[in-house]
$ cat work_30.cif   # mmCIF, C-alpha atoms
data_coords
loop_
_atom_site.group_PDB
_atom_site.id
_atom_site.type_symbol
_atom_site.label_atom_id
_atom_site.label_comp_id
_atom_site.auth_asym_id
_atom_site.auth_seq_id
_atom_site.Cartn_x
_atom_site.Cartn_y
_atom_site.Cartn_z
ATOM 1 C CA MET X 1 31.282 21.290 -31.145
ATOM 2 C CA THR X 2 29.121 18.362 -30.024
ATOM 3 C CA LEU X 3 27.365 16.124 -32.531
ATOM 4 C CA LYS X 4 23.961 17.551 -31.664
ATOM 5 C CA GLU X 5 25.259 21.076 -32.132
ATOM 6 C CA ALA X 6 26.685 20.028 -35.493
ATOM 7 C CA ILE X 7 23.308 18.579 -36.485
ATOM 8 C CA LEU X 8 21.410 21.723 -35.538
ATOM 9 C CA LEU X 9 23.873 23.946 -37.365
ATOM 10 C CA SER X 10 23.751 21.713 -40.455
ATOM 11 C CA LEU X 11 19.940 21.759 -40.544
ATOM 12 C CA GLU X 12 20.086 25.543 -40.205
ATOM 13 C CA GLU X 13 22.464 25.852 -43.161
ATOM 14 C CA ILE X 14 20.734 23.258 -45.330
ATOM 15 C CA ASN X 15 17.519 25.209 -44.678
ATOM 16 C CA ALA X 16 15.275 22.501 -46.133
ATOM 17 C CA ILE X 17 13.686 19.228 -45.190
ATOM 18 C CA THR X 18 16.296 16.512 -45.512
ATOM 19 C CA ASN X 19 17.429 13.156 -44.133
ATOM 20 C CA TYR X 20 20.203 11.871 -41.926
ATOM 21 C CA LEU X 21 22.550 11.060 -44.825
ATOM 22 C CA ALA X 22 22.382 14.631 -46.123
ATOM 23 C CA VAL X 23 23.026 15.918 -42.595
ATOM 24 C CA LEU X 24 26.033 13.585 -42.335
ATOM 25 C CA ASN X 25 27.294 14.799 -45.706
ATOM 26 C CA HIS X 26 27.037 18.431 -44.602
ATOM 27 C CA ILE X 27 28.784 17.796 -41.276
ATOM 28 C CA VAL X 28 31.653 16.006 -43.024
ATOM 29 C CA GLU X 29 32.050 18.716 -45.672
ATOM 30 C CA LYS X 30 32.092 21.502 -43.102
ATOM 31 C CA LYS X 31 34.227 19.485 -40.668
ATOM 32 C CA TYR X 32 31.852 20.253 -37.826
ATOM 33 C CA TYR X 33 32.447 16.920 -36.099
ATOM 34 C CA ASP X 34 35.192 14.285 -36.106
ATOM 35 C CA PHE X 35 33.880 10.840 -37.040
ATOM 36 C CA ARG X 36 37.266 9.132 -37.052
ATOM 37 C CA ASP X 37 36.331 6.852 -34.166
ATOM 38 C CA GLN X 38 32.942 6.014 -35.646
ATOM 39 C CA LYS X 39 32.665 2.852 -37.738
ATOM 40 C CA THR X 40 29.199 3.815 -38.996
ATOM 41 C CA PRO X 41 28.785 7.614 -38.839
ATOM 42 C CA GLY X 42 25.467 7.405 -40.685
ATOM 43 C CA SER X 43 23.932 5.311 -37.911
ATOM 44 C CA THR X 44 25.405 7.686 -35.333
ATOM 45 C CA VAL X 45 23.761 10.722 -36.957
ATOM 46 C CA SER X 46 20.481 8.829 -37.429
ATOM 47 C CA ALA X 47 20.446 7.844 -33.752
ATOM 48 C CA ALA X 48 21.200 11.411 -32.644
ATOM 49 C CA LEU X 49 18.386 12.807 -34.790
ATOM 50 C CA GLY X 50 16.044 10.217 -33.319
ATOM 51 C CA ASP X 51 17.123 11.278 -29.850
ATOM 52 C CA PHE X 52 15.860 14.807 -30.538
ATOM 53 C CA ILE X 53 12.433 13.358 -31.374
ATOM 54 C CA ARG X 54 12.296 10.839 -28.526
ATOM 55 C CA ASN X 55 13.212 13.437 -25.933
ATOM 56 C CA GLY X 56 10.584 15.871 -27.195
ATOM 57 C CA ASP X 57 13.138 18.480 -28.287
ATOM 58 C CA ALA X 58 10.964 21.118 -29.970
ATOM 59 C CA ARG X 59 13.764 22.368 -32.225
ATOM 60 C CA ILE X 60 13.499 19.467 -34.705
ATOM 61 C CA LYS X 61 10.585 17.706 -36.373
ATOM 62 C CA ARG X 62 10.466 14.729 -38.712
ATOM 63 C CA ILE X 63 8.119 13.333 -41.363
ATOM 64 C CA TRP X 64 8.096 10.464 -43.846
ATOM 65 C CA GLN X 65 9.742 10.810 -47.220
ATOM 66 C CA PRO X 66 7.855 8.747 -49.818
ATOM 67 C CA GLY X 67 10.100 5.907 -50.909
ATOM 68 C CA GLY X 68 12.641 6.648 -48.201
ATOM 69 C CA ASN X 69 13.184 6.947 -44.468
ATOM 70 C CA TYR X 70 12.504 9.746 -41.995
ATOM 71 C CA SER X 71 13.247 13.294 -43.073
ATOM 72 C CA TYR X 72 14.026 16.129 -40.665
ATOM 73 C CA TYR X 73 13.786 19.900 -40.507
ATOM 74 C CA LEU X 74 14.063 22.731 -38.029
ATOM 75 C CA THR X 75 10.708 23.597 -36.506
ATOM 76 C CA LYS X 76 11.293 27.313 -37.040
ATOM 77 C CA ASN X 77 11.568 26.687 -40.801
ATOM 78 C CA GLU X 78 8.251 24.829 -41.064
ATOM 79 C CA GLN X 79 6.483 27.786 -42.659
ATOM 80 C CA ASN X 80 8.914 27.575 -45.585
ATOM 81 C CA ILE X 81 8.027 23.964 -46.415
ATOM 82 C CA GLU X 82 5.281 23.153 -48.903
ATOM 83 C CA ALA X 83 2.098 21.742 -47.350
ATOM 84 C CA GLU X 84 2.132 18.902 -49.905
ATOM 85 C CA ILE X 85 5.533 17.792 -48.603
ATOM 86 C CA LEU X 86 4.429 17.948 -44.974
ATOM 87 C CA ASP X 87 1.341 15.794 -45.609
ATOM 88 C CA GLY X 88 3.325 13.264 -47.660
ATOM 89 C CA SER X 89 1.560 13.819 -50.993
ATOM 90 C CA LYS X 90 4.653 15.267 -52.689
ATOM 91 C CA GLU X 91 8.101 13.745 -52.880
ATOM 92 C CA ILE X 92 10.963 15.558 -51.171
ATOM 93 C CA PRO X 93 13.806 16.593 -53.494
ATOM 94 C CA SER X 94 16.956 14.606 -52.751
ATOM 95 C CA THR X 95 19.838 16.497 -51.170
ATOM 96 C CA ILE X 96 22.151 13.505 -50.768
ATOM 97 C CA LYS X 97 25.372 13.116 -52.672
ATOM 98 C CA PRO X 98 25.778 9.639 -54.244
ATOM 99 C CA GLU X 99 29.019 8.817 -52.437
ATOM 100 C CA TYR X 100 27.190 8.762 -49.109
ATOM 101 C CA ILE X 101 24.298 6.590 -50.252
ATOM 102 C CA LYS X 102 24.708 2.988 -49.147
ATOM 103 C CA PRO X 103 21.135 1.700 -49.067
ATOM 104 C CA TYR X 104 20.338 -1.620 -47.510
ATOM 105 C CA HIS X 105 18.385 -4.232 -49.428
ATOM 106 C CA GLU X 106 15.004 -5.739 -48.643
ATOM 107 C CA ARG X 107 16.621 -9.154 -48.241
ATOM 108 C CA ASP X 108 18.817 -7.699 -45.473
ATOM 109 C CA LEU X 109 15.671 -7.604 -43.342
ATOM 110 C CA HIS X 110 15.200 -11.374 -43.548
ATOM 111 C CA LEU X 111 17.783 -12.072 -40.853
ATOM 112 C CA LEU X 112 16.030 -9.608 -38.539
ATOM 113 C CA LEU X 113 12.667 -11.271 -39.134
ATOM 114 C CA SER X 114 14.063 -14.792 -38.707
ATOM 115 C CA SER X 115 15.600 -13.679 -35.380
ATOM 116 C CA TYR X 116 12.274 -12.304 -34.161
ATOM 117 C CA LEU X 117 10.453 -15.446 -35.271
ATOM 118 C CA ARG X 118 12.968 -17.863 -33.775
ATOM 119 C CA ASN X 119 12.588 -16.042 -30.471
ATOM 120 C CA SER X 120 8.872 -16.875 -30.832
ATOM 121 C CA LYS X 121 9.699 -20.560 -31.499
ATOM 122 C CA ILE X 122 8.997 -20.314 -35.231
ATOM 123 C CA PHE X 123 11.422 -21.863 -37.715
ATOM 124 C CA SER X 124 11.602 -19.702 -40.848
ATOM 125 C CA LYS X 125 13.059 -20.012 -44.331
ATOM 126 C CA THR X 126 13.636 -17.498 -47.132
ATOM 127 C CA ILE X 127 12.069 -18.560 -50.424
ATOM 128 C CA PHE X 128 14.140 -17.230 -53.315
ATOM 129 C CA HIS X 129 11.789 -16.099 -56.080
ATOM 130 C CA GLU X 130 14.579 -16.125 -58.658
ATOM 131 C CA GLN X 131 14.891 -19.891 -58.273
ATOM 132 C CA SER X 132 11.250 -20.516 -59.189
ATOM 133 C CA THR X 133 10.365 -22.083 -62.494
ATOM 134 C CA TYR X 134 7.724 -19.472 -63.368
ATOM 135 C CA GLN X 135 10.202 -16.626 -63.937
ATOM 136 C CA LYS X 136 9.111 -16.031 -67.554
ATOM 137 C CA ASP X 137 5.403 -16.457 -66.858
ATOM 138 C CA ASN X 138 3.769 -13.180 -65.808
ATOM 139 C CA LYS X 139 0.612 -15.078 -64.893
ATOM 140 C CA GLN X 140 2.472 -16.651 -61.964
ATOM 141 C CA ILE X 141 3.546 -13.473 -60.137
ATOM 142 C CA TRP X 142 2.748 -13.161 -56.439
ATOM 143 C CA SER X 143 2.684 -16.949 -56.130
ATOM 144 C CA HIS X 144 4.773 -17.422 -53.013
ATOM 145 C CA PRO X 145 5.915 -15.239 -50.115
ATOM 146 C CA ASP X 146 9.348 -13.935 -49.175
ATOM 147 C CA MET X 147 9.583 -16.199 -46.137
ATOM 148 C CA VAL X 148 7.709 -19.160 -44.707
ATOM 149 C CA GLY X 149 7.591 -20.409 -41.157
ATOM 150 C CA ILE X 150 6.518 -23.347 -39.050
ATOM 151 C CA ARG X 151 5.698 -23.626 -35.388
ATOM 152 C CA ILE X 152 5.359 -27.003 -33.668
ATOM 153 C CA THR X 153 2.690 -26.926 -30.963
ATOM 154 C CA LYS X 154 1.721 -29.330 -28.196
ATOM 155 C CA MET X 155 4.508 -31.743 -29.150
ATOM 156 C CA GLU X 156 5.364 -32.442 -25.544
ATOM 157 C CA SER X 157 1.929 -33.941 -24.829
ATOM 158 C CA LEU X 158 1.580 -36.082 -27.947
ATOM 159 C CA ALA X 159 2.610 -39.680 -28.488
ATOM 160 C CA SER X 160 4.006 -40.608 -31.896
ATOM 161 C CA LYS X 161 0.995 -42.732 -32.811
ATOM 162 C CA ASN X 162 -1.243 -39.660 -32.459
ATOM 163 C CA LEU X 163 0.709 -37.415 -34.828
ATOM 164 C CA GLN X 164 -1.496 -37.940 -37.858
ATOM 165 C CA ARG X 165 -4.626 -37.320 -35.839
ATOM 166 C CA ALA X 166 -3.073 -34.153 -34.455
ATOM 167 C CA ILE X 167 -2.173 -32.942 -37.955
ATOM 168 C CA ASN X 168 -5.722 -33.506 -39.168
ATOM 169 C CA ASN X 169 -7.071 -31.597 -36.188
ATOM 170 C CA ASN X 170 -4.635 -28.718 -36.698
ATOM 171 C CA ASP X 171 -3.266 -29.391 -33.209
ATOM 172 C CA LEU X 172 0.353 -30.044 -34.086
ATOM 173 C CA ILE X 173 1.652 -27.439 -36.535
ATOM 174 C CA ARG X 174 1.053 -23.924 -37.746
ATOM 175 C CA LEU X 175 2.426 -22.787 -41.111
ATOM 176 C CA TYR X 176 3.123 -19.104 -41.691
ATOM 177 C CA SER X 177 3.646 -16.865 -44.717
ATOM 178 C CA TYR X 178 5.511 -13.529 -44.654
ATOM 179 C CA GLU X 179 5.628 -10.762 -47.259
ATOM 180 C CA ILE X 180 8.445 -8.307 -46.414
ATOM 181 C CA LYS X 181 8.891 -4.659 -47.425
ATOM 182 C CA LYS X 182 11.430 -2.022 -46.417
ATOM 183 C CA GLU X 183 8.837 0.676 -45.846
ATOM 184 C CA ILE X 184 5.169 1.385 -46.472
ATOM 185 C CA VAL X 185 4.683 5.122 -46.741
ATOM 186 C CA THR X 186 1.675 5.852 -48.962
ATOM 187 C CA ASP X 187 -1.785 4.354 -49.315
ATOM 188 C CA SER X 188 -0.815 2.919 -52.703
ATOM 189 C CA ASP X 189 2.264 1.276 -51.099
ATOM 190 C CA LEU X 190 -0.019 -0.303 -48.522
ATOM 191 C CA LYS X 191 -2.603 -1.562 -51.002
ATOM 192 C CA MET X 192 -0.036 -3.150 -53.319
ATOM 193 C CA ALA X 193 1.954 -4.776 -50.510
ATOM 194 C CA PHE X 194 -1.147 -5.928 -48.657
ATOM 195 C CA PHE X 195 -2.800 -7.650 -51.589
ATOM 196 C CA GLN X 196 0.524 -9.183 -52.544
ATOM 197 C CA ALA X 197 0.526 -10.678 -49.047
ATOM 198 C CA VAL X 198 -3.071 -11.861 -49.526
ATOM 199 C CA SER X 199 -2.162 -13.572 -52.799
ATOM 200 C CA ASN X 200 1.048 -15.112 -51.474
ATOM 201 C CA SER X 201 -0.360 -16.482 -48.227
ATOM 202 C CA SER X 202 -3.596 -18.169 -49.330
ATOM 203 C CA TRP X 203 -2.104 -21.601 -48.593
ATOM 204 C CA ALA X 204 -0.904 -20.945 -45.015
ATOM 205 C CA ASN X 205 -2.558 -21.042 -41.604
ATOM 206 C CA TYR X 206 -1.446 -17.464 -40.995
ATOM 207 C CA GLY X 207 -0.285 -14.734 -43.366
ATOM 208 C CA TYR X 208 1.627 -11.571 -42.469
ATOM 209 C CA LEU X 209 2.734 -8.331 -44.081
ATOM 210 C CA VAL X 210 6.025 -7.164 -42.544
ATOM 211 C CA ALA X 211 7.852 -3.822 -42.829
ATOM 212 C CA ILE X 212 10.459 -1.993 -40.806
ATOM 213 C CA GLU X 213 8.845 1.410 -41.425
ATOM 214 C CA PHE X 214 5.128 2.224 -41.527
ATOM 215 C CA ASN X 215 3.526 5.628 -41.967
ATOM 216 C CA ASN X 216 1.524 6.128 -38.761
ATOM 217 C CA GLY X 217 -1.161 7.874 -40.811
ATOM 218 C CA LEU X 218 -2.027 4.536 -42.421
ATOM 219 C CA MET X 219 -2.861 2.718 -39.185
ATOM 220 C CA ASP X 220 -6.645 2.929 -39.547
ATOM 221 C CA GLU X 221 -6.512 1.581 -43.095
ATOM 222 C CA MET X 222 -4.082 -1.147 -42.044
ATOM 223 C CA GLU X 223 -6.466 -2.233 -39.296
ATOM 224 C CA ARG X 224 -9.432 -2.243 -41.705
ATOM 225 C CA LEU X 225 -7.608 -4.347 -44.289
ATOM 226 C CA SER X 226 -6.303 -6.741 -41.661
ATOM 227 C CA GLN X 227 -9.744 -7.349 -40.213
ATOM 228 C CA ALA X 228 -11.336 -7.680 -43.655
ATOM 229 C CA PHE X 229 -8.829 -10.130 -45.165
ATOM 230 C CA GLY X 230 -7.264 -11.809 -42.151
ATOM 231 C CA ILE X 231 -3.667 -10.786 -42.861
ATOM 232 C CA GLY X 232 -1.572 -9.857 -39.826
ATOM 233 C CA ILE X 233 0.875 -6.954 -39.792
ATOM 234 C CA ILE X 234 4.284 -6.983 -38.102
ATOM 235 C CA LYS X 235 6.296 -3.837 -37.361
ATOM 236 C CA LEU X 236 9.880 -5.064 -37.654
ATOM 237 C CA ASN X 237 12.504 -3.328 -35.550
ATOM 238 C CA ALA X 238 16.230 -2.954 -36.254
ATOM 239 C CA ASN X 239 16.519 -4.669 -32.890
ATOM 240 C CA PRO X 240 14.431 -7.703 -33.904
ATOM 241 C CA PHE X 241 13.542 -8.598 -30.341
ATOM 242 C CA ARG X 242 11.617 -5.330 -30.087
ATOM 243 C CA SER X 243 9.481 -6.079 -33.146
ATOM 244 C CA GLN X 244 5.751 -6.278 -32.578
ATOM 245 C CA VAL X 245 2.539 -7.555 -34.125
ATOM 246 C CA LEU X 246 0.428 -4.485 -34.896
ATOM 247 C CA PHE X 247 -2.592 -6.481 -36.035
ATOM 248 C CA PRO X 248 -2.999 -10.263 -35.615
ATOM 249 C CA PRO X 249 -3.934 -12.567 -38.525
ATOM 250 C CA LYS X 250 -6.944 -14.859 -38.733
ATOM 251 C CA PHE X 251 -6.498 -18.627 -38.761
ATOM 252 C CA ARG X 252 -7.140 -20.542 -42.000
ATOM 253 C CA ASN X 253 -6.992 -24.226 -42.807
ATOM 254 C CA LEU X 254 -4.065 -25.283 -44.960
ATOM 255 C CA ASP X 255 -4.668 -25.282 -48.705
ATOM 256 C CA PHE X 256 -2.820 -28.438 -49.731
ATOM 257 C CA ARG X 257 -3.548 -27.958 -53.424
ATOM 258 C CA THR X 258 -1.690 -24.637 -53.396
ATOM 259 C CA VAL X 259 1.072 -26.141 -51.278
ATOM 260 C CA ASP X 260 1.559 -28.810 -53.962
ATOM 261 C CA LYS X 261 1.683 -26.125 -56.668
ATOM 262 C CA LEU X 262 4.309 -24.140 -54.789
ATOM 263 C CA CYS X 263 6.398 -27.273 -54.301
ATOM 264 C CA LEU X 264 6.395 -27.763 -58.069
ATOM 265 C CA ILE X 265 7.601 -24.252 -58.905
ATOM 266 C CA ASN X 266 10.123 -23.701 -56.102
ATOM 267 C CA LYS X 267 12.657 -26.232 -54.809
ATOM 268 C CA GLU X 268 13.325 -24.294 -51.578
ATOM 269 C CA PHE X 269 9.641 -24.404 -50.705
ATOM 270 C CA GLU X 270 9.444 -28.108 -51.560
ATOM 271 C CA THR X 271 12.400 -28.856 -49.286
ATOM 272 C CA PHE X 272 10.830 -26.817 -46.491
ATOM 273 C CA ILE X 273 7.622 -28.863 -46.742
ATOM 274 C CA GLU X 274 9.615 -32.109 -46.871
ATOM 275 C CA GLN X 275 11.518 -31.125 -43.727
ATOM 276 C CA THR X 276 8.233 -30.239 -42.049
ATOM 277 C CA GLU X 277 6.675 -33.592 -42.945
ATOM 278 C CA LYS X 278 9.779 -35.397 -41.740
ATOM 279 C CA LEU X 279 9.581 -33.673 -38.372
ATOM 280 C CA MET X 280 5.861 -34.339 -38.017
ATOM 281 C CA ASN X 281 6.303 -38.037 -38.673
ATOM 282 C CA ALA X 282 9.492 -38.562 -36.685
ATOM 283 C CA ASP X 283 9.501 -41.226 -33.996
ATOM 284 C CA GLU X 284 9.806 -39.795 -30.524
ATOM 285 C CA LYS X 285 13.403 -40.987 -30.121
ATOM 286 C CA TYR X 286 14.424 -39.267 -33.383
ATOM 287 C CA TYR X 287 12.504 -36.043 -32.845
ATOM 288 C CA LYS X 288 15.402 -33.975 -31.473
ATOM 289 C CA SER X 289 17.770 -34.909 -34.309
ATOM 290 C CA THR X 290 15.069 -34.219 -36.884
ATOM 291 C CA GLU X 291 14.329 -30.851 -35.295
ATOM 292 C CA LYS X 292 18.051 -30.048 -35.447
ATOM 293 C CA GLU X 293 18.060 -30.907 -39.152
ATOM 294 C CA LEU X 294 15.150 -28.522 -39.769
ATOM 295 C CA ASN X 295 16.903 -25.810 -37.767
ATOM 296 C CA GLU X 296 20.059 -26.168 -39.881
ATOM 297 C CA PHE X 297 18.048 -25.960 -43.097
ATOM 298 C CA CYS X 298 16.155 -22.849 -42.021
ATOM 299 C CA ASP X 299 17.474 -19.278 -41.972
ATOM 300 C CA LYS X 300 20.157 -18.256 -39.518
ATOM 301 C CA TYR X 301 19.193 -15.919 -36.697
ATOM 302 C CA LEU X 302 20.770 -13.384 -34.363
ATOM 303 C CA LEU X 303 21.145 -14.299 -30.710
ATOM 304 C CA ASN X 304 21.251 -10.963 -28.884
ATOM 305 C CA ASP X 305 21.209 -7.165 -29.068
ATOM 306 C CA SER X 306 24.940 -6.879 -29.711
ATOM 307 C CA GLU X 307 24.805 -9.161 -32.740
ATOM 308 C CA SER X 308 21.748 -7.303 -34.024
ATOM 309 C CA LYS X 309 23.394 -3.891 -33.695
ATOM 310 C CA GLU X 310 26.564 -5.092 -35.407
ATOM 311 C CA TYR X 311 24.512 -6.566 -38.247
ATOM 312 C CA CYS X 312 22.489 -3.370 -38.769
ATOM 313 C CA GLU X 313 25.688 -1.328 -38.833
ATOM 314 C CA SER X 314 27.234 -3.631 -41.425
ATOM 315 C CA LYS X 315 24.154 -3.426 -43.678
ATOM 316 C CA ASN X 316 23.501 0.290 -43.061
ATOM 317 C CA ILE X 317 20.031 -0.415 -41.674
ATOM 318 C CA PRO X 318 19.008 2.753 -39.782
ATOM 319 C CA PHE X 319 18.365 2.374 -36.078
ATOM 320 C CA GLU X 320 17.859 4.612 -33.092
ATOM 321 C CA LEU X 321 19.314 4.193 -29.626
ATOM 322 C CA ASP X 322 17.171 4.839 -26.586
ATOM 323 C CA SER X 323 17.798 7.710 -24.192
ATOM 324 C CA TYR X 324 20.275 5.530 -22.284
ATOM 325 C CA GLY X 325 22.275 4.706 -25.410
ATOM 326 C CA ASN X 326 20.941 1.159 -25.625
ATOM 327 C CA PHE X 327 20.133 -0.556 -28.919
#

$ encode --input "work_30.cif" --output "structure tokens"
Amino acid sequence: MTLKEAILLSLEEINAITNYLAVLNHIVEKKYYDFRDQKTPGSTVSAALGDFIRNGDARIKRIWQPGGNYSYYLTKNEQNIEAEILDGSKEIPSTIKPEYIKPYHERDLHLLLSSYLRNSKIFSKTIFHEQSTYQKDNKQIWSHPDMVGIRITKMESLASKNLQRAINNNDLIRLYSYEIKKEIVTDSDLKMAFFQAVSNSSWANYGYLVAIEFNNGLMDEMERLSQAFGIGIIKLNANPFRSQVLFPPKFRNLDFRTVDKLCLINKEFETFIEQTEKLMNADEKYYKSTEKELNEFCDKYLLNDSESKEYCESKNIPFELDSYGNF
């Protein structure tokens, strides 16, 4: 029996809307397919299910599960599924056994985002909320983002003596703020995450909301909010180099008063700003070494597709291969 045959048979026997982990669990229990040579059978099943959808195979459909990933069902069983489940207003009962649940964490997405950003010539750094001094003060929530970034622009055409002028004219640097979520499925998810991004990015030139999974039904509302408040939206991909900006942010001048406040409550943020200032004020002959120092301080990043795939497998981040089997 091939893997796809095992998937179809498992969906037939489960006879309910479910996700790739439940399908994997069923296949293993029934011994429909031998995964002995598979290091990450969950990713293999997820990719195969995605292949049904990508290739337009009418036998399987998928929808969003609130609070989770894609869920799948046989098209012929659609009439047996509640309308509230199909439109996303009702949660899908879990059919996954605990021993097969190995969820990835939100912080696991930071390396993917840093890889995407570094490919765009942006240095990025995770800001650890738990290290902030406001931990016991509920009035200070949503003070700083998950990640910050800096992009140096026009450096090659500037002499050292013109750096300060360039900074004042916003010609030299751009500072970025990123709020990261695993998935945004419902309108309430979107509103909470979006206004968290608004609050956390008021100091930066550009602010972004980032997620690896968005409900396509929210696109109109995402566009409206982005245009109204100037926050950009990035659709992160398990292959970070295939991530994309869904809606661009609007430029804002830096809010130095808020920057000073954030430096006081979070040492990581303060060090990031210090490294930025050091690079901006570096003499031309020391620029490369100072840039290297900033790079070493900032988050690590993946170099290619192979590293990205291996990382996603190790963290159990779902991904889908294309029709040619490429990541």

$ residues_around --input "work_30.cif" --residues "X:Lys30" --least-positions-apart "4" --cutoff "9 Å" --atoms "only C-alpha atoms" --output "PyMOL selection string"
chain X and resi 10+25-26

$ write_last_selection --input "work_30.cif" --atoms "C-alpha atoms" --output "PDB file, in the frame of the given file"
ATOM      1  CA  SER X  10      23.751  21.713 -40.455  1.00  0.00           C
ATOM      2  CA  ASN X  25      27.294  14.799 -45.706  1.00  0.00           C
ATOM      3  CA  HIS X  26      27.037  18.431 -44.602  1.00  0.00           C
TER       4      HIS X  26
END

$ closest_residue --input "work_30.cif" --among "X:Leu254, X:Val259, X:Ala6, X:Ile173" --to "X:Lys121" --atoms "all atoms listed in the file"
X:Ile173

$ residues_around --input "work_30.cif" --residues "X:Tyr20" --least-positions-apart "4" --cutoff "9 Å" --atoms "all atoms listed in the file" --output "PyMOL selection string"
chain X and resi 24-25+42-43+45-46+49+69-72

$ atom_distance --input "work_30.cif" --atom1 "atom CA of X:Leu74" --atom2 "atom CA of X:Ile60"
4.7 Å

$ closest_residue --input "work_30.cif" --among "X:Glu310, X:Glu78, X:Glu277, X:Glu268" --to "X:Cys298" --atoms "only C-alpha atoms"
X:Glu268

$ atom_distance --input "work_30.cif" --atom1 "atom CA of X:Gln196" --atom2 "atom CA of X:Ser243"
21.6 Å

$ atom_distance --input "work_30.cif" --atom1 "atom CA of X:Leu21" --atom2 "atom CA of X:Glu213"
17.1 Å

$ closest_residue --input "work_30.cif" --among "X:Met219, X:Ile234, X:Leu264, X:Ala16" --to "X:Asp187" --atoms "all atoms listed in the file"
X:Met219

$ resolve_selection --input "work_30.cif" --expression "the PyMOL selection byres ((chain X and resi 206) around 7)" --output "ChimeraX atom specification"
/X:175-177,204-205,207-208,249-252

$ axis_aligned_box --input "work_30.cif" --around "stretch 284-296 of chain X" --padding-each-side "3 Å" --output "AutoDock Vina command-line options"
--center_x 14.9 --center_y -33.4 --center_z -35.0 --size_x 16.3 --size_y 21.2 --size_z 15.8

$ residues_around --input "work_30.cif" --residues "X:Pro41" --least-positions-apart "6" --cutoff "10 Å" --atoms "all atoms listed in the file" --output "NGL selection string"
:X and (21 or 24 or 28 or 34-35 or 47 or 313 or 316)

$ closest_residue --input "work_30.cif" --among "X:Val23, X:Asp283, X:Lys261, X:Arg36" --to "X:Tyr73" --atoms "all atoms listed in the file"
X:Val23

$ residues_around --input "work_30.cif" --residues "X:Val210" --least-positions-apart "2" --cutoff "12 Å" --atoms "all atoms listed in the file" --output "MDAnalysis selection string"
chainID X and resid 106 109:110 112:114 116:117 145:147 177:184 190 193:194 196:197 207:208 212:214 222 231:237 243:248

$ residues_around --input "work_30.cif" --residues "X:Ile152" --least-positions-apart "5" --cutoff "9 Å" --atoms "only C-alpha atoms" --output "list in words"
Lys121, Ile122, Phe123, Asp171, Leu172, Ile173, Arg174 and Met280 of chain X

$ closest_residue --input "work_30.cif" --among "X:Tyr104, X:Phe327, X:Tyr311, X:Trp203" --to "X:Phe256" --atoms "all atoms listed in the file"
X:Trp203

$ closest_residue --input "work_30.cif" --among "X:Glu270, X:Asp189, X:Asp51, X:Glu296" --to "X:Lys4" --atoms "only C-alpha atoms"
X:Asp51

$ resolve_selection --input "work_30.cif" --expression "the PyMOL selection byres ((chain X and resi 1) around 8)" --output "JSON, numbers by chain"
{"X": [2, 3, 5, 6, 32, 33]}

$ resolve_selection --input "work_30.cif" --expression "the PyMOL selection byres ((chain X and resi 305) around 10)" --output "list of chain:residue names"
X:Ala238, X:Asn239, X:Pro240, X:Phe241, X:Arg242, X:Leu302, X:Leu303, X:Asn304, X:Ser306, X:Glu307, X:Ser308, X:Lys309, X:Glu310, X:Tyr311, X:Asn326, X:Phe327
